[in-house]
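S.K.: The file below is structure_5.cif, mmCIF, C-alpha atoms and all ligand atoms:
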data_upload
loop_
_atom_site.label_atom_id
_atom_site.label_comp_id
_atom_site.auth_asym_id
_atom_site.auth_seq_id
_atom_site.Cartn_x
_atom_site.Cartn_y
_atom_site.Cartn_z
CA MET A 159 21.39 12.10 -12.29
CA ASN A 160 18.15 10.40 -13.29
CA GLU A 161 15.20 10.39 -10.94
CA LEU A 162 14.78 7.02 -9.28
CA GLN A 163 11.92 4.60 -8.93
CA ILE A 164 11.70 3.66 -5.25
CA ALA A 165 9.61 0.59 -4.36
CA ILE A 166 8.48 0.03 -0.76
CA ASP A 167 6.72 -3.26 -0.07
CA GLY A 168 5.79 -5.15 3.07
CA PRO A 169 2.93 -6.45 5.21
CA ALA A 170 0.09 -4.39 6.72
CA SER A 171 1.10 -1.54 9.05
CA ALA A 172 4.83 -1.99 8.58
CA GLY A 173 4.98 1.79 8.09
CA LYS A 174 5.16 1.79 4.27
CA SER A 175 2.89 4.75 3.55
CA THR A 176 4.23 6.87 6.43
CA ILE A 177 7.82 6.37 5.33
CA ALA A 178 7.07 6.59 1.59
CA LYS A 179 5.29 9.94 2.04
CA ILE A 180 8.19 11.44 4.00
CA LEU A 181 10.71 10.24 1.42
CA ALA A 182 8.64 11.57 -1.48
CA THR A 183 8.27 14.98 0.18
CA ASP A 184 11.99 15.23 0.98
CA LEU A 185 13.07 14.08 -2.49
CA LYS A 186 10.31 16.08 -4.26
CA TYR A 187 9.12 12.84 -5.84
CA VAL A 188 5.57 11.67 -6.49
CA TYR A 189 4.12 9.38 -3.82
CA VAL A 190 1.84 6.56 -5.02
CA ASP A 191 -0.23 4.57 -2.52
CA THR A 192 -1.15 1.46 -4.51
CA GLY A 193 -3.11 0.01 -1.56
CA ALA A 194 -5.48 2.97 -1.89
CA MET A 195 -6.23 1.87 -5.47
CA TYR A 196 -7.23 -1.64 -4.37
CA ARG A 197 -9.22 -0.11 -1.52
CA ALA A 198 -11.03 2.18 -3.99
CA ILE A 199 -12.11 -0.79 -6.12
CA THR A 200 -13.25 -2.63 -2.99
CA PHE A 201 -15.26 0.43 -1.93
CA ALA A 202 -16.96 0.48 -5.36
CA VAL A 203 -17.80 -3.23 -5.14
CA LEU A 204 -19.36 -2.84 -1.68
CA THR A 205 -21.33 0.32 -2.46
CA GLN A 206 -22.67 -1.08 -5.75
CA ASN A 207 -23.86 -4.17 -3.86
CA VAL A 208 -21.78 -6.56 -5.93
CA ASN A 209 -20.87 -9.76 -4.07
CA PRO A 210 -17.08 -9.51 -3.37
CA LYS A 211 -16.84 -13.29 -3.90
CA ASP A 212 -18.25 -13.00 -7.44
CA GLU A 213 -15.02 -12.60 -9.43
CA VAL A 214 -16.85 -12.33 -12.77
CA ALA A 215 -19.10 -9.50 -11.56
CA VAL A 216 -16.21 -7.67 -9.86
CA SER A 217 -14.04 -8.04 -12.98
CA ALA A 218 -16.82 -6.62 -15.17
CA MET A 219 -16.88 -3.45 -13.05
CA VAL A 220 -13.17 -2.66 -13.37
CA PRO A 221 -13.15 -0.91 -16.80
CA GLU A 222 -15.82 1.51 -15.55
CA LEU A 223 -13.77 2.67 -12.56
CA GLU A 224 -11.57 5.76 -12.71
CA ILE A 225 -9.24 6.18 -9.75
CA SER A 226 -7.34 9.41 -9.18
CA PHE A 227 -5.36 11.18 -6.47
CA ALA A 228 -4.84 14.76 -5.38
CA PRO A 229 -2.38 16.19 -2.86
CA GLY A 230 -3.85 16.57 0.62
CA ASN A 231 -2.71 17.07 4.18
CA PRO A 232 -2.20 14.93 6.23
CA VAL A 233 -3.31 12.29 3.70
CA GLN A 234 -3.42 12.20 -0.08
CA LYS A 235 -7.00 12.57 -1.39
CA VAL A 236 -8.44 9.59 -3.27
CA PHE A 237 -11.24 9.85 -5.85
CA LEU A 238 -13.41 7.23 -7.53
CA ASN A 239 -15.09 8.47 -10.69
CA ARG A 240 -14.27 12.00 -9.42
CA GLN A 241 -16.05 11.51 -6.10
CA GLU A 242 -13.81 11.84 -3.04
CA ILE A 243 -13.58 8.61 -0.98
CA THR A 244 -10.45 9.34 1.09
CA THR A 245 -12.01 8.44 4.45
CA GLU A 246 -14.38 5.73 3.21
CA ILE A 247 -11.60 3.48 1.86
CA ARG A 248 -10.15 3.05 5.40
CA SER A 249 -13.37 1.52 6.84
CA VAL A 250 -13.31 -1.85 8.63
CA GLU A 251 -15.53 -3.30 5.88
CA VAL A 252 -13.22 -2.23 3.05
CA THR A 253 -10.20 -3.51 5.00
CA ALA A 254 -11.92 -6.88 5.55
CA ASN A 255 -12.65 -7.36 1.81
CA VAL A 256 -9.69 -5.74 0.06
CA SER A 257 -7.40 -8.79 0.02
CA LEU A 258 -10.03 -10.90 -1.76
CA ILE A 259 -10.75 -8.22 -4.37
CA SER A 260 -7.06 -7.64 -4.97
CA SER A 261 -6.46 -11.34 -5.65
CA TYR A 262 -8.49 -11.15 -8.91
CA ALA A 263 -6.49 -11.19 -12.18
CA VAL A 264 -8.50 -8.46 -13.94
CA VAL A 265 -8.13 -6.15 -10.96
CA ARG A 266 -4.36 -6.72 -10.71
CA THR A 267 -3.74 -6.32 -14.44
CA ALA A 268 -5.59 -2.99 -14.56
CA MET A 269 -3.90 -1.61 -11.44
CA THR A 270 -0.43 -2.76 -12.48
CA ALA A 271 -0.82 -0.97 -15.85
CA LEU A 272 -1.97 2.23 -14.13
CA GLN A 273 0.90 2.09 -11.62
CA ARG A 274 3.52 1.54 -14.34
CA LYS A 275 2.15 4.48 -16.31
CA ILE A 276 2.42 6.79 -13.29
CA ALA A 277 5.99 5.61 -12.55
CA ALA A 278 7.24 5.61 -16.16
CA ASP A 279 9.38 8.76 -15.86
CA GLY A 280 10.85 7.92 -12.44
CA GLY A 281 10.85 10.35 -9.54
CA VAL A 282 8.37 8.15 -7.73
CA VAL A 283 8.05 6.46 -4.35
CA MET A 284 5.48 3.68 -4.68
CA ASP A 285 4.28 1.55 -1.79
CA GLY A 286 2.39 -1.74 -1.92
CA ARG A 287 2.87 -5.49 -1.87
CA ASP A 288 4.21 -6.35 -5.35
CA ILE A 289 5.99 -3.19 -6.48
CA GLY A 290 9.53 -4.61 -6.34
CA THR A 291 8.53 -8.03 -7.68
CA THR A 292 5.97 -7.23 -10.40
CA VAL A 293 5.04 -3.59 -10.97
CA LEU A 294 8.53 -2.05 -11.13
CA PRO A 295 11.00 -4.96 -11.33
CA ALA A 296 13.72 -2.55 -12.54
CA ALA A 297 13.27 -0.07 -9.66
CA GLN A 298 16.69 1.20 -8.54
CA VAL A 299 15.72 1.09 -4.86
CA LYS A 300 13.65 -1.74 -3.39
CA ILE A 301 12.82 -1.81 0.30
CA PHE A 302 10.93 -4.59 2.09
CA LEU A 303 9.65 -3.17 5.39
CA ILE A 304 8.70 -5.55 8.16
CA ALA A 305 7.90 -5.44 11.90
CA SER A 306 6.52 -7.97 14.37
CA VAL A 307 2.79 -8.70 14.07
CA HIS A 308 2.20 -7.41 17.57
CA GLU A 309 3.92 -4.10 16.91
CA ARG A 310 2.11 -3.65 13.61
CA ALA A 311 -1.26 -4.33 15.25
CA LEU A 312 -0.42 -1.93 18.07
CA ARG A 313 0.47 0.80 15.58
CA ARG A 314 -2.83 0.35 13.76
CA TYR A 315 -4.71 0.21 17.08
CA LYS A 316 -3.26 3.58 18.17
CA GLU A 317 -4.06 5.08 14.77
CA ASN A 318 -7.67 3.80 14.93
CA GLN A 319 -8.11 5.02 18.53
CA ALA A 320 -7.13 8.51 17.39
CA LYS A 321 -9.79 8.30 14.65
CA GLY A 322 -12.43 6.99 17.09
CA MET A 323 -12.62 3.55 15.45
CA PRO A 324 -13.67 0.97 18.08
CA GLU A 325 -11.83 -2.28 17.13
CA SER A 326 -9.91 -3.96 19.97
CA LEU A 327 -6.18 -4.73 19.76
CA ALA A 328 -6.95 -8.48 19.53
CA GLU A 329 -9.39 -7.92 16.63
CA ILE A 330 -6.86 -5.79 14.77
CA GLU A 331 -4.08 -8.32 15.32
CA GLU A 332 -6.29 -11.10 13.91
CA ALA A 333 -7.36 -8.98 10.91
CA VAL A 334 -3.75 -8.02 10.15
CA GLN A 335 -2.64 -11.66 10.27
CA LYS A 336 -5.53 -12.78 8.09
CA ARG A 337 -4.77 -10.10 5.48
CA ASP A 338 -1.03 -10.91 5.50
CA HIS A 339 -1.86 -14.59 4.95
CA LEU A 340 -4.21 -13.89 2.02
CA ASP A 341 -1.77 -11.39 0.49
CA SER A 342 1.21 -13.75 0.71
CA THR A 343 -0.55 -16.89 -0.50
CA ARG A 344 -2.55 -15.56 -3.47
CA GLN A 345 -1.57 -16.89 -6.89
CA ILE A 346 -0.90 -13.63 -8.73
CA SER A 347 1.81 -11.27 -7.46
CA PRO A 348 1.77 -12.36 -3.83
CA LEU A 349 3.34 -10.27 -1.08
CA LYS A 350 6.97 -11.34 -1.26
CA LYS A 351 10.39 -9.78 -0.83
CA ALA A 352 12.01 -9.27 -4.24
CA VAL A 353 15.36 -11.06 -4.43
CA ASP A 354 17.14 -7.72 -4.82
CA ALA A 355 15.12 -5.87 -2.15
CA ILE A 356 16.71 -4.77 1.13
CA GLU A 357 14.75 -5.89 4.17
CA VAL A 358 14.40 -3.32 6.97
CA ASP A 359 12.96 -4.56 10.27
CA THR A 360 11.26 -1.56 11.89
CA THR A 361 10.29 -3.30 15.15
CA GLY A 362 11.24 -0.91 17.94
CA LEU A 363 12.31 1.82 15.49
CA SER A 364 10.77 5.29 15.41
CA ILE A 365 9.63 6.85 12.15
CA PRO A 366 12.71 9.17 11.91
CA GLU A 367 14.99 6.17 12.57
CA VAL A 368 13.41 4.21 9.71
CA VAL A 369 13.61 7.24 7.39
CA HIS A 370 17.31 7.58 8.26
CA VAL A 371 18.05 3.93 7.45
CA ILE A 372 16.25 4.11 4.11
CA LYS A 373 17.85 7.42 3.11
CA GLU A 374 21.25 5.79 3.60
CA ILE A 375 20.19 3.00 1.22
CA ILE A 376 18.93 5.57 -1.33
CA HIS A 377 22.17 7.55 -1.14
CA GLN A 378 24.15 4.41 -1.86
CA GLN A 379 21.97 3.74 -4.91
CA GLN A 380 22.20 7.35 -6.12
CA ALA A 381 25.96 7.03 -6.01
CA VAL A 382 25.88 4.18 -8.53
CA ASN A 383 23.20 5.63 -10.82
O1 LIG B 1 -2.10 0.28 4.71
P1 LIG B 1 -2.45 -1.17 4.85
O2 LIG B 1 -1.26 -2.01 5.16
O3 LIG B 1 -3.60 -1.43 5.73
O4 LIG B 1 -2.90 -1.72 3.46
P2 LIG B 1 -2.86 -1.04 2.05
O5 LIG B 1 -1.47 -0.74 1.65
O6 LIG B 1 -3.85 0.06 2.03
O7 LIG B 1 -3.34 -2.24 1.13
C1 LIG B 1 -4.63 -2.81 1.29
C2 LIG B 1 -4.66 -4.15 0.59
O8 LIG B 1 -4.55 -3.95 -0.82
C3 LIG B 1 -3.57 -5.14 0.96
O9 LIG B 1 -3.86 -5.89 2.13
C4 LIG B 1 -3.53 -6.02 -0.29
O10 LIG B 1 -4.56 -6.99 -0.25
C5 LIG B 1 -3.87 -5.04 -1.41
N1 LIG B 1 -2.68 -4.56 -2.11
C6 LIG B 1 -2.15 -5.37 -3.10
O11 LIG B 1 -2.65 -6.48 -3.32
N2 LIG B 1 -1.11 -4.95 -3.86
C7 LIG B 1 -0.57 -3.76 -3.65
N3 LIG B 1 0.44 -3.35 -4.42
C8 LIG B 1 -1.07 -2.92 -2.61
C9 LIG B 1 -2.12 -3.37 -1.85
O1 LIG B 2 1.36 1.69 5.04
P1 LIG B 2 1.44 0.65 6.12
O2 LIG B 2 0.18 -0.10 6.31
O3 LIG B 2 2.63 -0.25 5.96
O4 LIG B 2 1.71 1.42 7.50
P2 LIG B 2 1.44 2.93 7.89
O5 LIG B 2 0.01 3.26 7.65
O6 LIG B 2 2.46 3.82 7.28
O7 LIG B 2 1.78 2.90 9.45
C1 LIG B 2 0.88 2.37 10.39
C2 LIG B 2 1.00 3.16 11.68
O8 LIG B 2 2.26 2.89 12.29
C3 LIG B 2 0.92 4.68 11.50
O9 LIG B 2 0.09 5.20 12.52
C4 LIG B 2 2.35 5.14 11.70
O10 LIG B 2 2.43 6.43 12.28
C5 LIG B 2 2.89 4.10 12.66
N1 LIG B 2 4.34 3.86 12.55
C6 LIG B 2 5.10 3.80 13.70
O11 LIG B 2 4.56 3.99 14.79
N2 LIG B 2 6.46 3.56 13.67
C7 LIG B 2 7.08 3.33 12.51
N3 LIG B 2 8.38 3.09 12.49
C8 LIG B 2 6.31 3.38 11.32
C9 LIG B 2 4.93 3.63 11.38
#
Can I see the file as structure tokens?
M.R.:
Amino acid sequence: MNELQIAIDGPASAGKSTIAKILATDLKYVYVDTGAMYRAITFAVLTQNVNPKDEVAVSAMVPELEISFAPGNPVQKVFLNRQEITTEIRSVEVTANVSLISSYAVVRTAMTALQRKIAADGGVVMDGRDIGTTVLPAAQVKIFLIASVHERALRRYKENQAKGMPESLAEIEEAVQKRDHLDSTRQISPLKKAVDAIEVDTTGLSIPEVVHVIKEIIHQQQAVN
């Protein structure tokens, strides 16, 4: 049996990375967090004092940026030009600017090429916004994870509280909605359910319950591959 490409897309805080990591560990597949790549570029833009609105200047930076990952517990380590930026890419400032940066054509073309290269041999669980539609259109398993905006904001709020980040629930809910809007309305590879993706609504579901539902879907696909 060939190793599958598993694409997990959906809006912010739907549980994509949590679920993708568990699946990759259980299947002994590689996990790829494509959002971390866009966050890494955004971090570079902000720290090099480039105006995030200046598409030409941001685009000129892209060929100079080398993004890499290393296994880590509880989160995968992320490096930019070999410097670790795992924590920095989750800042409020990076989160507030990442949707703009990831709407730029040069940024998307470079990241899509990198993601396809990593996934070329299969055995990969990749999470993002455009994996099923653009990056891996032939993926054997495509999941579109959703949950109500309120539940997604609450999940992120609890996560941030645990990290000591001070944003209120209302601020997080607004930021999540704003990012979802930008991600779904941009011109290139917007956040969208692929026609052949299976939508899983995780509102009210625990992490093990979601993992169970998706494993059933994967087993069905493995049976036909
Ligand atoms: O984990 P969270 O939902 O906060 O977001 P993320 O997966 O880290 O992605 C951060 C941002 O990167 C998204 O809001 C999108 O703007 C962008 N992104 C994208 O455009 N395409 C992807 N395949 C993944 C992320
Ligand atoms: O990657 P994405 O932004 O889609 O979401 P995530 O970072 O995997 O999940 C956001 C938060 O929701 C994490 O703290 C998860 O533990 C939590 N979560 C949950 O409470 N219930 C689920 N069914 C899935 C995730």
S.K.: Tell me which of A:Lys179, A:His339, A:Lys321, A:Lys351 sits closest to Pro295 in chain A, counting all atoms listed in the file.
M.R.: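 Ranked by minimum distance to Pro295 in chain A, first place goes to A:Lys351.
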S.K.: Of the candidates A:Leu303, A:Ile247, A:Ala297, A:Ala271, which one gets nearest to ligand LIG 2 (chain B) if we count all atoms listed in the file?
M.R.: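 Result for the nearest residue to ligand LIG 2 (chain B): A:Leu303.
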S.K.: (3.8, 19.2, 3.0) in this file's frame - what residues fall within 12 Å of it? Use all atoms listed in the file and give the answer as a list in words.
M.R.: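 Residues satisfying the cut-off, written out: Lys179, Ile180, Leu181, Ala182, Thr183, Asp184, Leu185, Lys186, Tyr189, Pro229, Gly230, Asn231, Pro232, Val233 and Gln234 of chain A.
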S.K.: Taking into account only C-alpha atoms, which residue in the set A:Ala296, A:Ala194, A:Ile376, A:Ala333 is nearest to Ala352 in chain A?
M.R.: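 Closest to Ala352 in chain A, using only C-alpha atoms: A:Ala296.
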S.K.: Looking at only C-alpha atoms, which of A:Met219, A:Ile304, A:Ala254, A:Met195 is the one that sits closest to Leu349 in chain A?
M.R.: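 With only C-alpha atoms as the atom set, the closest residue is A:Ile304.
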S.K.: Return as number ranges by chain the residues of protein, DNA or RNA that approach ligand LIG 1 (chain B) to within 6 Å, with only C-alpha atoms and all ligand atoms taken into account.
M.R.: A: 170-171, 192-194, 196, 256-257, 260, 286-289, 337, 341
S.K.: Please write out the residues within 9 Å of ligand LIG 2 (chain B) as a PyMOL selection string, counting all atoms listed in the file.
M.R.: chain A and resi 166-179+191+193+285-286+303-305+309-318+360-369
S.K.: Counting only C-alpha atoms, which residue out of A:Val208, A:Ala165, A:Val307, A:Val252 sits closest to Thr292 in chain A?
M.R.: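 Of the candidates, the smallest distance to Thr292 in chain A is held by A:Ala165.
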S.K.: Can you measure CA of Ala215 in chain A to CA of Leu238 in chain A for me? One decimal in Å is fine.
M.R.: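 We find that CA of Ala215 in chain A and CA of Leu238 in chain A lie 18.1 Å from each other.
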S.K.: Contacts of Gly281 in chain A at 6 Å or less, counting only C-alpha atoms, minus same-chain residues fewer than 2 places along, as a list in words?
M.R.: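 After dropping sequence-adjacent residues, the list is Glu161, Leu162, Gln163 and Tyr187 of chain A.
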S.K.: Keeping only C-alpha atoms, write those residues as a JSON list (two decimals), keeping the file's coordinate frame.
M.R.:
[["chain", "number", "residue", "atom", "x", "y", "z"],
["A", 161, "GLU", "CA", 15.20, 10.39, -10.94],
["A", 162, "LEU", "CA", 14.78, 7.02, -9.28],
["A", 163, "GLN", "CA", 11.92, 4.60, -8.93],
["A", 187, "TYR", "CA", 9.12, 12.84, -5.84]]
S.K.: With the input short on atoms, add all heavy atoms back to range 198-209 of chain A and write it as a tab-separated table (two decimals), in the coordinates of the input.
M.R.:
chain	number	residue	atom	x	y	z
A	198	ALA	N	-10.01	1.45	-3.24
A	198	ALA	CA	-11.03	2.18	-3.99
A	198	ALA	C	-11.92	1.21	-4.78
A	198	ALA	O	-13.15	1.35	-4.81
A	198	ALA	CB	-10.37	3.19	-4.93
A	199	ILE	N	-11.31	0.20	-5.38
A	199	ILE	CA	-12.11	-0.79	-6.12
A	199	ILE	C	-13.02	-1.54	-5.15
A	199	ILE	O	-14.20	-1.78	-5.42
A	199	ILE	CB	-11.20	-1.77	-6.88
A	199	ILE	CG1	-10.43	-1.01	-7.95
A	199	ILE	CG2	-12.00	-2.92	-7.49
A	199	ILE	CD1	-9.51	-1.85	-8.78
A	200	THR	N	-12.47	-1.90	-4.00
A	200	THR	CA	-13.25	-2.63	-2.99
A	200	THR	C	-14.44	-1.78	-2.52
A	200	THR	O	-15.56	-2.28	-2.37
A	200	THR	CB	-12.35	-3.00	-1.80
A	200	THR	OG1	-11.22	-3.71	-2.31
A	200	THR	CG2	-13.08	-3.84	-0.77
A	201	PHE	N	-14.19	-0.48	-2.33
A	201	PHE	CA	-15.26	0.43	-1.93
A	201	PHE	C	-16.37	0.42	-3.00
A	201	PHE	O	-17.56	0.35	-2.69
A	201	PHE	CB	-14.69	1.84	-1.75
A	201	PHE	CG	-15.74	2.88	-1.51
A	201	PHE	CD1	-16.31	3.05	-0.25
A	201	PHE	CD2	-16.19	3.70	-2.55
A	201	PHE	CE1	-17.29	4.00	-0.03
A	201	PHE	CE2	-17.17	4.64	-2.35
A	201	PHE	CZ	-17.73	4.79	-1.08
A	202	ALA	N	-15.97	0.47	-4.27
A	202	ALA	CA	-16.96	0.48	-5.36
A	202	ALA	C	-17.78	-0.81	-5.35
A	202	ALA	O	-19.01	-0.79	-5.49
A	202	ALA	CB	-16.24	0.64	-6.70
A	203	VAL	N	-17.11	-1.93	-5.16
A	203	VAL	CA	-17.80	-3.23	-5.14
A	203	VAL	C	-18.85	-3.23	-4.02
A	203	VAL	O	-20.02	-3.61	-4.22
A	203	VAL	CB	-16.79	-4.38	-4.91
A	203	VAL	CG1	-17.48	-5.70	-4.61
A	203	VAL	CG2	-15.88	-4.52	-6.14
A	204	LEU	N	-18.45	-2.79	-2.84
A	204	LEU	CA	-19.36	-2.84	-1.68
A	204	LEU	C	-20.52	-1.86	-1.84
A	204	LEU	O	-21.66	-2.19	-1.51
A	204	LEU	CB	-18.59	-2.55	-0.38
A	204	LEU	CG	-17.50	-3.57	-0.02
A	204	LEU	CD1	-16.72	-3.12	1.21
A	204	LEU	CD2	-18.09	-4.96	0.22
A	205	THR	N	-20.24	-0.67	-2.36
A	205	THR	CA	-21.33	0.32	-2.46
A	205	THR	C	-22.27	0.02	-3.63
A	205	THR	O	-23.42	0.44	-3.62
A	205	THR	CB	-20.79	1.77	-2.60
A	205	THR	OG1	-19.80	1.77	-3.60
A	205	THR	CG2	-20.23	2.28	-1.30
A	206	GLN	N	-21.78	-0.73	-4.62
A	206	GLN	CA	-22.67	-1.08	-5.75
A	206	GLN	C	-23.34	-2.43	-5.51
A	206	GLN	O	-23.92	-3.03	-6.41
A	206	GLN	CB	-21.90	-1.07	-7.06
A	206	GLN	CG	-21.47	0.36	-7.43
A	206	GLN	CD	-20.70	0.46	-8.75
A	206	GLN	OE1	-20.88	-0.36	-9.64
A	206	GLN	NE2	-19.85	1.45	-8.86
A	207	ASN	N	-23.21	-2.91	-4.27
A	207	ASN	CA	-23.86	-4.17	-3.86
A	207	ASN	C	-23.50	-5.36	-4.74
A	207	ASN	O	-24.35	-6.23	-4.98
A	207	ASN	CB	-25.39	-4.00	-3.79
A	207	ASN	CG	-25.77	-3.15	-2.61
A	207	ASN	OD1	-25.17	-3.27	-1.54
A	207	ASN	ND2	-26.74	-2.28	-2.80
A	208	VAL	N	-22.28	-5.39	-5.21
A	208	VAL	CA	-21.78	-6.56	-5.93
A	208	VAL	C	-21.19	-7.49	-4.88
A	208	VAL	O	-20.55	-7.04	-3.92
A	208	VAL	CB	-20.71	-6.13	-6.96
A	208	VAL	CG1	-20.00	-7.33	-7.56
A	208	VAL	CG2	-21.35	-5.29	-8.05
A	209	ASN	N	-21.41	-8.80	-5.02
A	209	ASN	CA	-20.87	-9.76	-4.07
A	209	ASN	C	-19.35	-9.82	-4.25
A	209	ASN	O	-18.87	-10.17	-5.34
A	209	ASN	CB	-21.51	-11.13	-4.34
A	209	ASN	CG	-20.99	-12.20	-3.39
A	209	ASN	OD1	-20.06	-11.96	-2.60
A	209	ASN	ND2	-21.60	-13.37	-3.47
